[in-house]
Every structure is written in C-alpha cells, then in structure tokens.
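The file run-v7.cif comes next; it holds mmCIF, C-alpha atoms and all ligand atoms.
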data_query
loop_
_atom_site.label_atom_id
_atom_site.label_comp_id
_atom_site.auth_asym_id
_atom_site.auth_seq_id
_atom_site.Cartn_x
_atom_site.Cartn_y
_atom_site.Cartn_z
CA MET T 29 9.49 11.33 -11.22
CA ALA T 30 6.40 10.38 -9.29
CA GLY T 31 7.80 8.65 -6.29
CA LEU T 32 10.60 7.00 -4.43
CA TYR T 33 9.84 3.96 -2.29
CA ILE T 34 12.39 2.92 0.34
CA HIS T 35 11.98 -0.58 1.74
CA ILE T 36 13.06 -1.20 5.35
CA PRO T 37 13.15 -5.01 5.63
CA PHE T 38 13.03 -5.49 9.41
CA CYS T 39 10.21 -6.18 11.87
CA ARG T 40 10.03 -6.90 15.59
CA GLN T 41 8.26 -10.16 14.89
CA LYS T 42 6.62 -11.74 11.88
CA CYS T 43 2.84 -11.28 11.90
CA HIS T 44 1.17 -14.57 11.04
CA TYR T 45 -0.60 -13.30 7.90
CA CYS T 46 2.30 -11.29 6.47
CA ASN T 47 3.85 -12.03 3.09
CA PHE T 48 5.78 -8.77 2.71
CA PHE T 49 9.52 -9.18 2.52
CA SER T 50 10.72 -8.56 6.08
CA LEU T 51 12.86 -10.33 8.66
CA ALA T 52 12.28 -10.61 12.38
CA SER T 53 15.95 -9.87 13.00
CA ARG T 54 17.84 -6.61 12.70
CA LYS T 55 21.21 -8.22 12.22
CA ASN T 56 22.15 -6.30 9.08
CA GLN T 57 20.60 -2.97 9.97
CA GLN T 58 23.78 -0.89 9.74
CA GLN T 59 24.82 -2.43 6.40
CA ILE T 60 21.32 -1.95 4.97
CA ILE T 61 21.48 1.78 5.66
CA VAL T 62 24.81 1.99 3.81
CA SER T 63 23.40 -0.09 0.93
CA LEU T 64 20.25 2.04 0.62
CA LEU T 65 22.41 5.15 0.33
CA GLN T 66 24.62 3.41 -2.24
CA GLU T 67 21.67 2.12 -4.25
CA MET T 68 20.36 5.66 -4.66
CA GLU T 69 23.72 6.58 -6.22
CA LEU T 70 23.53 3.55 -8.53
CA GLN T 71 19.96 4.46 -9.57
CA LYS T 72 20.88 8.12 -10.21
CA SER T 73 19.81 8.08 -13.85
CA PHE T 74 16.45 6.31 -13.25
CA ALA T 75 14.40 9.49 -12.98
CA GLY T 76 15.97 11.10 -16.05
CA GLY T 77 16.28 14.41 -14.22
CA GLU T 78 12.68 14.53 -12.94
CA ALA T 79 12.33 15.65 -9.31
CA LEU T 80 10.53 13.52 -6.73
CA LYS T 81 6.90 14.25 -5.92
CA THR T 82 6.71 11.75 -3.06
CA ILE T 83 8.92 9.61 -0.86
CA TYR T 84 7.47 6.59 0.95
CA PHE T 85 9.22 4.58 3.68
CA GLY T 86 7.57 1.16 3.76
CA GLY T 87 8.44 -2.29 4.88
CA GLY T 88 8.90 -4.09 7.09
CA THR T 89 8.82 -1.52 9.83
CA PRO T 90 10.49 1.82 9.07
CA SER T 91 9.68 3.07 12.58
CA LEU T 92 12.39 0.74 13.89
CA PHE T 93 14.87 3.29 12.53
CA GLN T 94 15.85 6.38 14.47
CA PRO T 95 14.53 9.60 12.87
CA GLU T 96 18.08 10.84 12.20
CA ILE T 97 18.62 7.80 9.92
CA ILE T 98 15.35 8.53 8.11
CA GLU T 99 16.44 12.14 7.58
CA LYS T 100 19.82 11.00 6.28
CA LEU T 101 18.05 8.84 3.66
CA ILE T 102 15.72 11.72 2.72
CA GLU T 103 18.63 14.09 2.38
CA LYS T 104 20.47 11.68 0.11
CA ALA T 105 17.36 11.19 -2.04
CA ILE T 106 16.90 14.93 -2.40
CA GLY T 107 20.59 15.40 -3.20
CA ILE T 108 20.41 12.80 -5.97
CA PHE T 109 16.96 13.23 -7.51
CA GLY T 110 15.78 16.65 -6.31
CA ILE T 111 12.32 17.13 -4.87
CA GLU T 112 9.25 19.21 -5.69
CA ASN T 113 7.96 21.83 -3.24
CA ASN T 114 5.40 20.38 -0.79
CA ALA T 115 6.37 16.80 -1.63
CA GLU T 116 4.54 14.15 0.37
CA ILE T 117 6.96 12.18 2.57
CA THR T 118 5.29 9.23 4.30
CA LEU T 119 6.65 6.83 6.88
CA GLU T 120 4.95 3.61 7.93
CA ALA T 121 5.05 3.18 11.71
CA ASN T 122 3.87 0.52 14.12
CA PRO T 123 2.11 1.49 17.37
CA ASP T 124 4.64 -0.39 19.52
CA ASP T 125 7.44 1.91 18.27
CA ILE T 126 5.60 5.15 18.85
CA ASN T 127 6.55 7.27 21.85
CA HIS T 128 6.72 10.96 22.52
CA PHE T 129 10.51 11.21 22.16
CA TRP T 130 10.65 9.32 18.84
CA LEU T 131 7.78 11.38 17.42
CA SER T 132 9.25 14.68 18.53
CA GLU T 133 12.52 13.71 16.82
CA LEU T 134 10.61 12.63 13.70
CA ARG T 135 8.94 16.05 13.61
CA LYS T 136 12.39 17.55 13.06
CA THR T 137 12.78 15.52 9.86
CA ARG T 138 11.01 16.18 6.54
CA VAL T 139 8.51 13.35 7.09
CA ASN T 140 5.07 14.99 6.83
CA ARG T 141 2.73 12.00 6.76
CA LEU T 142 2.47 8.90 8.95
CA SER T 143 0.82 5.61 8.11
CA LEU T 144 0.09 3.64 11.28
CA GLY T 145 -0.30 -0.14 11.24
CA ILE T 146 -3.23 -0.25 13.66
CA GLN T 147 -5.13 -3.26 12.12
CA SER T 148 -7.65 -3.43 15.01
CA PHE T 149 -8.46 -1.64 18.25
CA PHE T 150 -9.16 -5.00 19.98
CA ASP T 151 -6.61 -7.20 21.74
CA GLU T 152 -8.30 -10.44 20.60
CA ASP T 153 -7.73 -9.60 16.92
CA LEU T 154 -4.21 -8.27 17.45
CA THR T 155 -3.21 -11.43 19.32
CA TRP T 156 -4.78 -13.61 16.62
CA LEU T 157 -2.84 -11.72 13.92
CA TYR T 158 0.32 -11.96 16.06
CA ARG T 159 0.90 -8.23 16.01
CA ALA T 160 3.54 -6.77 18.34
CA HIS T 161 1.17 -4.10 19.78
CA ASN T 162 -2.00 -4.16 21.88
CA ALA T 163 -5.25 -2.20 21.73
CA THR T 164 -4.14 0.47 24.20
CA GLU T 165 -0.97 1.10 22.19
CA ALA T 166 -3.09 1.35 19.02
CA ILE T 167 -5.22 4.18 20.41
CA ASN T 168 -2.26 5.89 22.07
CA ALA T 169 -0.23 5.80 18.86
CA VAL T 170 -2.84 7.84 16.99
CA LYS T 171 -3.25 10.34 19.83
CA LEU T 172 0.49 10.71 20.38
CA ALA T 173 1.09 11.25 16.67
CA GLN T 174 -1.58 13.97 16.61
CA ASP T 175 -0.23 15.57 19.81
CA ASN T 176 3.14 15.77 18.12
CA GLY T 177 1.74 17.57 15.10
CA PHE T 178 1.24 14.65 12.69
CA HIS T 179 -2.30 15.36 11.47
CA ASN T 180 -1.70 14.00 7.98
CA LEU T 181 -2.26 10.48 9.25
CA SER T 182 -3.39 7.21 7.77
CA ILE T 183 -4.32 4.09 9.68
CA ASP T 184 -4.47 0.52 8.38
CA LEU T 185 -7.32 -1.75 9.46
CA ILE T 186 -8.02 -5.40 8.65
CA TYR T 187 -11.46 -6.98 8.38
CA GLY T 188 -12.54 -10.59 7.91
CA ILE T 189 -10.45 -11.75 10.90
CA PRO T 190 -12.17 -14.82 12.45
CA THR T 191 -12.10 -13.16 15.91
CA LEU T 192 -13.72 -9.97 14.57
CA ASN T 193 -17.53 -10.05 14.50
CA ASP T 194 -19.60 -7.38 12.76
CA GLU T 195 -20.31 -5.56 16.00
CA ARG T 196 -16.63 -5.19 16.81
CA TRP T 197 -15.83 -4.26 13.20
CA ASN T 198 -18.39 -1.46 13.53
CA GLU T 199 -16.66 -0.38 16.74
CA ASN T 200 -13.29 -0.31 14.98
CA ILE T 201 -14.78 1.98 12.33
CA THR T 202 -16.42 4.16 15.00
CA LYS T 203 -13.09 4.52 16.80
CA ALA T 204 -11.27 5.40 13.57
CA ILE T 205 -13.87 8.09 12.78
CA ALA T 206 -13.78 9.46 16.34
CA LEU T 207 -9.98 9.75 16.19
CA GLU T 208 -10.41 12.11 13.20
CA VAL T 209 -7.78 10.47 11.02
CA PRO T 210 -8.07 11.83 7.48
CA HIS T 211 -7.09 8.58 5.73
CA ILE T 212 -8.00 4.93 6.30
CA SER T 213 -6.67 1.91 4.40
CA ALA T 214 -8.69 -1.23 5.08
CA TYR T 215 -7.86 -4.67 3.77
CA ALA T 216 -9.62 -8.02 3.83
CA LEU T 217 -7.55 -10.62 5.61
CA THR T 218 -6.08 -12.83 2.93
CA VAL T 219 -4.33 -16.11 3.49
CA GLU T 220 -1.16 -15.97 1.43
CA PRO T 221 0.59 -19.25 0.62
CA GLY T 222 3.67 -19.87 2.73
CA THR T 223 2.63 -17.66 5.65
CA ALA T 224 2.30 -19.00 9.21
CA LEU T 225 -1.45 -18.35 8.95
CA ASP T 226 -1.69 -20.55 5.87
CA LEU T 227 0.10 -23.35 7.71
CA PHE T 228 -2.03 -23.01 10.86
CA ILE T 229 -5.26 -23.11 8.86
CA ARG T 230 -4.13 -26.13 6.87
CA LYS T 231 -3.21 -27.92 10.11
CA GLY T 232 -6.63 -27.06 11.57
CA LYS T 233 -5.04 -25.00 14.36
CA TYR T 234 -6.70 -21.78 13.18
CA GLN T 235 -10.18 -21.20 11.87
CA ALA T 236 -10.37 -20.57 8.11
CA VAL T 237 -11.25 -17.12 6.80
CA ASP T 238 -14.92 -16.64 5.95
CA ASP T 239 -15.20 -14.83 2.57
CA GLU T 240 -18.88 -14.02 3.08
CA LYS T 241 -18.13 -12.32 6.38
CA ALA T 242 -15.28 -10.36 4.74
CA ALA T 243 -17.63 -9.20 1.96
CA ARG T 244 -20.25 -8.15 4.53
CA GLN T 245 -17.67 -6.24 6.58
CA PHE T 246 -16.40 -4.52 3.42
CA THR T 247 -19.97 -3.35 2.73
CA ILE T 248 -20.30 -2.09 6.34
CA LEU T 249 -17.02 -0.23 5.87
CA MET T 250 -18.10 1.43 2.62
CA ASP T 251 -21.45 2.48 4.08
CA ARG T 252 -20.10 3.80 7.37
CA LEU T 253 -17.16 5.73 5.96
CA THR T 254 -19.03 7.31 3.06
CA GLU T 255 -21.82 8.36 5.48
CA ASN T 256 -19.07 10.08 7.46
CA LYS T 257 -17.73 12.18 4.57
CA PHE T 258 -14.94 9.85 3.52
CA ILE T 259 -14.28 9.49 -0.19
CA HIS T 260 -13.84 5.88 -1.27
CA TYR T 261 -11.09 6.73 -3.74
CA GLU T 262 -9.58 3.26 -4.20
CA ILE T 263 -10.96 -0.18 -3.28
CA SER T 264 -8.95 -0.34 -0.04
CA ASN T 265 -8.51 3.38 0.59
CA PHE T 266 -10.73 6.12 2.01
CA CYS T 267 -9.92 9.73 2.79
CA THR T 268 -11.49 13.02 3.74
CA GLU T 269 -11.48 15.73 1.04
CA GLY T 270 -8.00 16.29 -0.41
CA ASN T 271 -6.25 13.79 1.86
CA TYR T 272 -5.66 10.94 -0.57
CA SER T 273 -2.23 9.27 -0.60
CA ARG T 274 -0.33 10.98 -3.40
CA HIS T 275 2.33 8.27 -3.41
CA ASN T 276 -0.04 5.34 -3.83
CA THR T 277 -2.21 7.24 -6.28
CA SER T 278 0.80 7.62 -8.54
CA TYR T 279 1.09 3.80 -8.67
CA TRP T 280 -2.53 3.51 -9.72
CA SER T 281 -2.20 6.18 -12.38
CA GLY T 282 0.78 4.47 -14.01
CA GLU T 283 3.42 7.07 -13.15
CA LYS T 284 7.13 6.26 -12.85
CA TYR T 285 8.43 5.18 -9.47
CA LEU T 286 11.69 3.89 -8.13
CA GLY T 287 11.94 1.30 -5.35
CA ILE T 288 15.11 1.10 -3.29
CA GLY T 289 16.02 -1.78 -0.97
CA PRO T 290 15.64 -5.57 -0.98
CA SER T 291 12.49 -6.73 -2.82
CA ALA T 292 11.56 -3.16 -3.84
CA HIS T 293 9.80 -2.76 -7.20
CA SER T 294 10.26 -0.01 -9.78
CA TYR T 295 8.44 1.04 -12.95
CA ASN T 296 9.73 3.46 -15.57
CA GLY T 297 6.75 3.53 -17.92
CA ILE T 298 8.19 0.76 -20.10
CA ALA T 299 9.67 -1.87 -17.80
CA ARG T 300 9.08 -3.27 -14.36
CA GLN T 301 12.04 -4.12 -12.19
CA TRP T 302 12.31 -5.83 -8.80
CA ASN T 303 15.24 -6.20 -6.43
CA VAL T 304 16.27 -9.51 -4.94
CA SER T 305 14.31 -10.54 -1.81
CA ASN T 306 17.37 -11.44 0.21
CA VAL T 307 19.14 -9.02 2.55
CA GLY T 308 22.58 -10.67 2.36
CA GLU T 309 22.56 -10.89 -1.45
CA TYR T 310 21.25 -7.34 -1.71
CA ILE T 311 24.03 -5.90 0.48
CA LYS T 312 26.74 -7.89 -1.33
CA SER T 313 25.57 -6.93 -4.79
CA ILE T 314 25.12 -3.24 -4.00
CA GLY T 315 28.58 -3.26 -2.38
CA ALA T 316 29.96 -4.54 -5.70
CA GLY T 317 28.18 -1.72 -7.56
CA ILE T 318 25.50 -3.95 -9.13
CA ILE T 319 21.75 -3.43 -8.66
CA PRO T 320 20.46 -6.95 -7.92
CA ALA T 321 17.29 -6.64 -9.98
CA GLU T 322 15.31 -8.61 -12.49
CA LYS T 323 13.65 -6.68 -15.27
CA GLU T 324 10.63 -7.25 -17.46
CA ILE T 325 9.80 -5.09 -20.46
CA LEU T 326 6.04 -4.83 -20.64
CA THR T 327 4.23 -5.58 -23.88
CA LYS T 328 1.44 -3.28 -25.05
CA ILE T 329 -1.11 -5.86 -23.88
CA GLN T 330 0.50 -6.12 -20.44
CA ARG T 331 0.44 -2.33 -20.09
CA PHE T 332 -3.21 -2.31 -21.13
CA ASN T 333 -4.14 -5.05 -18.62
CA GLU T 334 -2.25 -3.25 -15.90
CA TYR T 335 -4.03 0.01 -16.68
CA ILE T 336 -7.42 -1.76 -16.49
CA MET T 337 -6.52 -3.47 -13.20
CA THR T 338 -5.31 -0.34 -11.41
CA SER T 339 -7.62 2.31 -12.85
CA LEU T 340 -10.81 0.32 -12.29
CA ARG T 341 -10.04 0.16 -8.56
CA THR T 342 -10.13 3.96 -8.27
CA VAL T 343 -12.89 6.51 -8.02
CA TRP T 344 -11.56 8.11 -11.22
CA GLY T 345 -12.27 4.92 -13.14
CA THR T 346 -11.02 3.48 -16.42
CA ASP T 347 -10.82 6.21 -19.02
CA LEU T 348 -12.06 4.99 -22.42
CA GLU T 349 -10.68 8.07 -24.21
CA LYS T 350 -7.27 7.46 -22.66
CA ILE T 351 -7.39 3.83 -23.81
CA GLU T 352 -8.12 4.95 -27.37
CA ALA T 353 -5.38 7.60 -27.30
CA ILE T 354 -2.70 5.33 -25.82
CA PHE T 355 -3.60 1.84 -27.05
CA GLY T 356 -5.76 2.49 -30.11
CA LYS T 357 -9.36 2.01 -31.27
CA GLU T 358 -9.22 -1.77 -31.22
CA PHE T 359 -8.44 -1.78 -27.46
CA HIS T 360 -11.14 0.83 -26.85
CA ASP T 361 -13.77 -1.24 -28.65
CA HIS T 362 -12.68 -4.42 -26.89
CA THR T 363 -13.01 -2.70 -23.48
CA LEU T 364 -16.44 -1.35 -24.29
CA SER T 365 -17.76 -4.70 -25.42
CA GLU T 366 -16.25 -6.69 -22.50
CA ILE T 367 -17.56 -4.32 -19.83
CA ASN T 368 -21.11 -4.63 -21.14
CA PRO T 369 -22.15 -7.71 -19.08
CA SER T 370 -20.92 -5.98 -15.90
CA ILE T 371 -22.95 -2.90 -16.79
CA VAL T 372 -26.04 -5.02 -17.37
CA GLY T 373 -25.32 -6.77 -14.05
CA LYS T 374 -25.06 -3.34 -12.32
CA LEU T 375 -21.46 -3.95 -11.27
CA ALA T 376 -20.17 -0.98 -13.29
CA LEU T 377 -21.42 2.08 -15.12
CA ILE T 378 -20.05 4.49 -17.70
CA GLU T 379 -19.93 8.18 -16.85
CA ASN T 380 -18.17 10.79 -19.00
CA HIS T 381 -16.35 8.06 -20.95
CA LYS T 382 -15.09 6.48 -17.73
CA ILE T 383 -15.93 3.01 -16.43
CA ILE T 384 -16.70 3.25 -12.72
CA LEU T 385 -17.45 0.37 -10.35
CA THR T 386 -20.72 0.49 -8.41
CA ASN T 387 -20.61 -0.48 -4.71
CA ALA T 388 -21.79 -3.97 -5.72
CA GLY T 389 -19.01 -4.09 -8.33
CA LYS T 390 -16.36 -3.14 -5.76
CA LEU T 391 -16.94 -6.54 -4.15
CA PHE T 392 -15.91 -8.16 -7.44
CA ALA T 393 -13.34 -5.65 -8.71
CA ASP T 394 -10.75 -8.22 -9.74
CA ARG T 395 -13.28 -10.28 -11.69
CA VAL T 396 -14.74 -7.25 -13.49
CA ALA T 397 -11.21 -6.14 -14.41
CA SER T 398 -10.09 -9.55 -15.60
CA ASP T 399 -13.15 -9.79 -17.87
CA MET T 400 -11.65 -6.87 -19.80
CA PHE T 401 -8.12 -8.26 -19.93
CA ILE T 402 -6.61 -9.34 -23.20
CA GLU T 403 -4.67 -12.57 -23.24
CA ASP T 404 -1.06 -11.91 -24.18
CA ILE T 405 0.02 -14.80 -26.36
CA THR T 406 3.48 -13.26 -26.78
CA VAL T 407 4.39 -13.93 -23.12
CA GLY T 408 4.90 -17.41 -21.94
S1 LIG C 501 4.68 -5.42 10.89
FE1 LIG C 501 3.92 -5.36 8.78
S2 LIG C 501 5.66 -5.98 7.49
FE2 LIG C 501 6.14 -6.54 9.63
S3 LIG C 501 5.54 -8.68 9.79
FE3 LIG C 501 3.80 -7.44 10.49
S4 LIG C 501 2.53 -7.11 8.64
FE4 LIG C 501 4.54 -7.84 7.97
#

Before we go any further, please render this structure as structure tokens.
Ligand code: SF4
Amino acid sequence: MAGLYIHIPFCRQKCHYCNFFSLASRKNQQQIIVSLLQEMELQKSFAGGEALKTIYFGGGTPSLFQPEIIEKLIEKAIGIFGIENNAEITLEANPDDINHFWLSELRKTRVNRLSLGIQSFFDEDLTWLYRAHNATEAINAVKLAQDNGFHNLSIDLIYGIPTLNDERWNENITKAIALEVPHISAYALTVEPGTALDLFIRKGKYQAVDDEKAARQFTILMDRLTENKFIHYEISNFCTEGNYSRHNTSYWSGEKYLGIGPSAHSYNGIARQWNVSNVGEYIKSIGAGIIPAEKEILTKIQRFNEYIMTSLRTVWGTDLEKIEAIFGKEFHDHTLSEINPSIVGKLALIENHKIILTNAGKLFADRVASDMFIEDITVG
C-alpha cells in the first residue's frame, strides 16, 4: 500500500484561516490515542497484504504528542500492515512545539522527515494569521531540527497575506533558501467559508485577500526557487533533487492510501472513504468496533476527472497513453481535443504524450483541468 495517514485532531489554538478538522482543546487526547490504535486493527484488511511505503502524521498538530506516543503508533502500524525498507515517515510539527529535548526524543523514533508549519518569517504575518508561534521561533525551529539531525525537512509558507508585501515575500523565500531546507510547500492564502477569517472579512474587520497580489507572489516564488535549483514538482510543492514528498506524490499518482483518525480520508483504487469529523463520535464508534466512515464508489468518469485534476498539477503531467490504456480511446480523444485551446493559449504543452502546464498555465491549473473534465450524468 502506498501510504498511511494518521490524523491528530488537536491544535494549541485555531488559526484564523484554517479549515482542517482540528480542535483547540486536547480534552480527548488519551482516548484518541487508544482509538487510533484500535482503528488500525479494524482497518487491517484495507491494504490487502501490501506493506506501507510511507506514514504521514498530519493534523491538527502532531507535534503536540510526545515522541513515545508517535513511536507507539508507528510500531502498531508496522505490526499490522508491515513496512517497506527505507519507508518515508513524516511528522508535521509547529515551531512553538519544537525544542531540543522533544527533537532529541523524536530522533529515537522512526520518524525520518519533518514538515514544519512556518508560514512566514515575519511577526506581522504570523499575528495576522493567528499562528501560535513568532518569527524567532520559526527560524529557531528549522535550525534546531537540523542540529538534531533532521535534514529531510519541509517547510510550509503562505503567500497572498494582506500584511505580506512583495519585498517581504522575497525575504521569506531568501530565508528559506538560506536555511537549506530541501523541500518547500507554499500555498496561496484562501478564505474558506466558515473560518474566522471569512467572518472577519465579511464584517469588514480584516482586509480582503487580493488575488492579483497572490498570483504575482506565486510567480515570484516559481522564479526564485527554480533559479535556486528547486524542482517545481507540484503546483504548491518544490524540492531539491530527489527530495520530493513520497507520501503526497502517492496521492497525486492515484495510489492506495489509508487515513486513520477523525475526518481522515482513504482511497483504495475504487472507492473513497472519509471518517466522521467529530472526535466524540469517532471515539464512541471505534470503541464499538465500527469505523465511522462514509463511502463513495467512484464511477469511471469520476476516476478520469480525478486523474486529470491531480496529474496536471505535477511536473510529470497528464499521461495521454495512460488515459488510453486505463479509460479507453474515447477518453484519450476527448482529452486531446479539450486541451487544445490551452495549448494555443500557451497554458499547456504536450511532450512525450504528456500534457504539462507552462508557468503561465500553473496560475490557472484548476481551470485548465476542469476544461478537460467530463460531466458525470450518473451522479446526482
Ligand atoms: S496549526 Fe494547522 S491545523 Fe492547527 S489550526 Fe493552525 S493551520 Fe489549522
């Protein structure tokens, strides 16, 4: 099996822009650990005997857990599913949790990759986003992680923040390059319905997000990182040679993955499944031996649309030969004809039977992809 995702649904505080499932209370922490271990037992047959290639602790904030708990979860996963040699085991961590003792303990576990939620190296942006850390902690987190032997590091950055002008965005990129992290994930600030940010903007308390500025900062990002030997291997992800995220890449290449924990998603090649986004209900249901999940069997058209959406975002592109082999000639011909306007408009090109976005096209990736979608009249 490609990967196991373990969702830790707790955070110190709720960042204003966040729409991930997480709670700013750790009330049920002990029960969640028990439930995660139990859910792995319940999901035993999911992988059909295939060993794990990757494990990813996401959230929420997995760094709120002590390393011994993380190792206990890894050990259980290995005992149940098995694991390949040199598997990638990533843990998301926030700078405010990072200290020498915690990192030295984490080094004793099998975690071999850290993903740090830096977002910005400036206090103004971090305060605006309502992050729990400050700029000094952001820099220190990277250095401390490296000092403790975590060189397989990724950092998250956000652009398009109203407090972040182009000059400071350039400085954020310069700092990230200078820190020699091999992987950077950078996201445009999006205002998700129901978040505090959405409410504040609607009430006029916060300035709205400027899409033109976000597009400009994305272009600055692409130019600066590619000039500095980073490979732009997915719309929001850049890495130095060989340091791409194996876990996330498996999502984009349509491999099987299992998600454990409240709100976690799974995909087995045929169906998508997602656990309930409620900690109390999750714990109760798992305790009763029932996985609290909804399931959707994907139609051929849905699988095709999903392949277009995910593959087009990557440097490897949308493979026309693969489309013909998996979905048939009709789907291949449809794709070829629908991509034509984007090729004429220089948003995409075809190379070795693969549709690849140009830098201009990366600004409109979702639109270029949706132009190739097929409407599925069988789903309501
Ligand atoms: S730390 Fe991450 S998961 Fe937690 S509230 Fe902030 S953005 Fe959301």

**Asked** Residues at most 12 Å from T:Gly88, counting all atoms listed in the file, excluding those fewer than 5 positions away in the same chain, as a ChimeraX atom specification?
**Response** /T:34-43,46-54,93,119-122,145,289-292

**Prompt:** So what do you get for atom CA of T:Leu348 versus atom CA of T:Asn276, distance-wise?
**Reply:**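 These atoms are spaced 22.1 Å apart.
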
**Request:** Would you mind listing what lies within 7 Å of stretch 57-70 of chain T as a PyMOL selection string, with all atoms listed in the file counted and same-chain residues fewer than 6 positions away left out?
**Result:** chain T and resi 101+104-105+288-289+311+314-315

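In this structure, atom CA of T:Phe359 sits 22.8 Å away from atom CA of T:Thr386.
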
**Message:** Using all atoms listed in the file, which protein or nucleic acid residues come within 8 Å of T:Ile383? Drop anything in the same chain fewer than 5 positions from it, and give the result as a ChimeraX atom specification.
**Reply:** /T:340,345-348,376-378

**Asked** How many Å separate atom CA of T:Phe150 from atom CA of T:Asp175?
**Response**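 Atom CA of T:Asp175 lies at a distance of 22.4 Å from atom CA of T:Phe150.
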
**Request:** Using all atoms listed in the file, determine which residues lie at most 12 Å from T:Ser339, disregarding the query and same-chain residues fewer than 6 positions distant; provide the list as number ranges by chain.
**Result:** T: 261-263, 277-282, 331-333, 345-348, 350-351, 382-385, 393-394, 396-397

**Message:** I'd like the neighbourhood of stretch 207-215 of chain T as a PyMOL selection string, where a residue qualifies if any of its atoms comes within 9 Å (using only C-alpha atoms), though same-chain residues fewer than 3 positions away should be ignored.
**Reply:** chain T and resi 143+147+167+170-171+179-188+202-204+218+246+249+258+263-269+271-273

Just-selected residues, C-alpha atoms written as a PDB file, in the frame of the given file:
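As a result, result-v1.pdb now contains:
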ATOM      1  CA  SER T 143       0.820   5.610   8.110  1.00  0.00           C
ATOM      2  CA  GLN T 147      -5.130  -3.260  12.120  1.00  0.00           C
ATOM      3  CA  ILE T 167      -5.220   4.180  20.410  1.00  0.00           C
ATOM      4  CA  VAL T 170      -2.840   7.840  16.990  1.00  0.00           C
ATOM      5  CA  LYS T 171      -3.250  10.340  19.830  1.00  0.00           C
ATOM      6  CA  HIS T 179      -2.300  15.360  11.470  1.00  0.00           C
ATOM      7  CA  ASN T 180      -1.700  14.000   7.980  1.00  0.00           C
ATOM      8  CA  LEU T 181      -2.260  10.480   9.250  1.00  0.00           C
ATOM      9  CA  SER T 182      -3.390   7.210   7.770  1.00  0.00           C
ATOM     10  CA  ILE T 183      -4.320   4.090   9.680  1.00  0.00           C
ATOM     11  CA  ASP T 184      -4.470   0.520   8.380  1.00  0.00           C
ATOM     12  CA  LEU T 185      -7.320  -1.750   9.460  1.00  0.00           C
ATOM     13  CA  ILE T 186      -8.020  -5.400   8.650  1.00  0.00           C
ATOM     14  CA  TYR T 187     -11.460  -6.980   8.380  1.00  0.00           C
ATOM     15  CA  GLY T 188     -12.540 -10.590   7.910  1.00  0.00           C
ATOM     16  CA  THR T 202     -16.420   4.160  15.000  1.00  0.00           C
ATOM     17  CA  LYS T 203     -13.090   4.520  16.800  1.00  0.00           C
ATOM     18  CA  ALA T 204     -11.270   5.400  13.570  1.00  0.00           C
ATOM     19  CA  THR T 218      -6.080 -12.830   2.930  1.00  0.00           C
ATOM     20  CA  PHE T 246     -16.400  -4.520   3.420  1.00  0.00           C
ATOM     21  CA  LEU T 249     -17.020  -0.230   5.870  1.00  0.00           C
ATOM     22  CA  PHE T 258     -14.940   9.850   3.520  1.00  0.00           C
ATOM     23  CA  ILE T 263     -10.960  -0.180  -3.280  1.00  0.00           C
ATOM     24  CA  SER T 264      -8.950  -0.340  -0.040  1.00  0.00           C
ATOM     25  CA  ASN T 265      -8.510   3.380   0.590  1.00  0.00           C
ATOM     26  CA  PHE T 266     -10.730   6.120   2.010  1.00  0.00           C
ATOM     27  CA  CYS T 267      -9.920   9.730   2.790  1.00  0.00           C
ATOM     28  CA  THR T 268     -11.490  13.020   3.740  1.00  0.00           C
ATOM     29  CA  GLU T 269     -11.480  15.730   1.040  1.00  0.00           C
ATOM     30  CA  ASN T 271      -6.250  13.790   1.860  1.00  0.00           C
ATOM     31  CA  TYR T 272      -5.660  10.940  -0.570  1.00  0.00           C
ATOM     32  CA  SER T 273      -2.230   9.270  -0.600  1.00  0.00           C
TER      33      SER T 273
END

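Closest to T:Thr338 among T:Asp153, T:Glu240, T:Glu78, T:Glu283 is T:Glu283, based on all atoms listed in the file.
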
The centre and edge lengths of an axis-aligned box containing all atoms of ligand LIG 501 (chain C) present in the file, extended by 5 Å on each side, are to be given in Å to one decimal, as lines of an AutoDock Vina configuration file.
center_x = 4.3
center_y = -7.0
center_z = 9.2
size_x = 13.6
size_y = 13.3
size_z = 13.4

**Asked** Nearest to ligand LIG 501 (chain C) among T:Asn193, T:Gln174, T:Thr223, T:Asn140, with distances taken over only C-alpha atoms and all ligand atoms: which residue is it?
**Response**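 For ligand LIG 501 (chain C), the nearest of the candidates is T:Thr223.
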
**Prompt:** Of the candidates T:Asp239, T:Lys284, T:Ala160, T:Tyr45, which shows the shortest atom-to-atom distance to T:Ala79, using all atoms listed in the file?
**Reply:**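 That would be T:Lys284, the residue with the smallest distance to T:Ala79.
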
**Message:** Nearest residue to ligand LIG 501 (chain C) out of T:Lys374, T:Lys55, T:Arg159, T:Lys312, using all atoms listed in the file?
**Reply:** T:Arg159

**Asked** Which of these, T:Asn380, T:Thr342, T:Asn56, T:Thr247, has the shortest distance to T:Val307 once you count all atoms listed in the file?
**Response**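 Looking at the shortest contact to T:Val307, the residue is T:Asn56.
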
**Asked** Which residue gives the smallest distance to ligand LIG 501 (chain C) among T:Asn127, T:Ser91, T:Asn200, T:Asn303, with all atoms listed in the file counted?
**Response**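 Of the candidates, the smallest distance to ligand LIG 501 (chain C) is held by T:Ser91.
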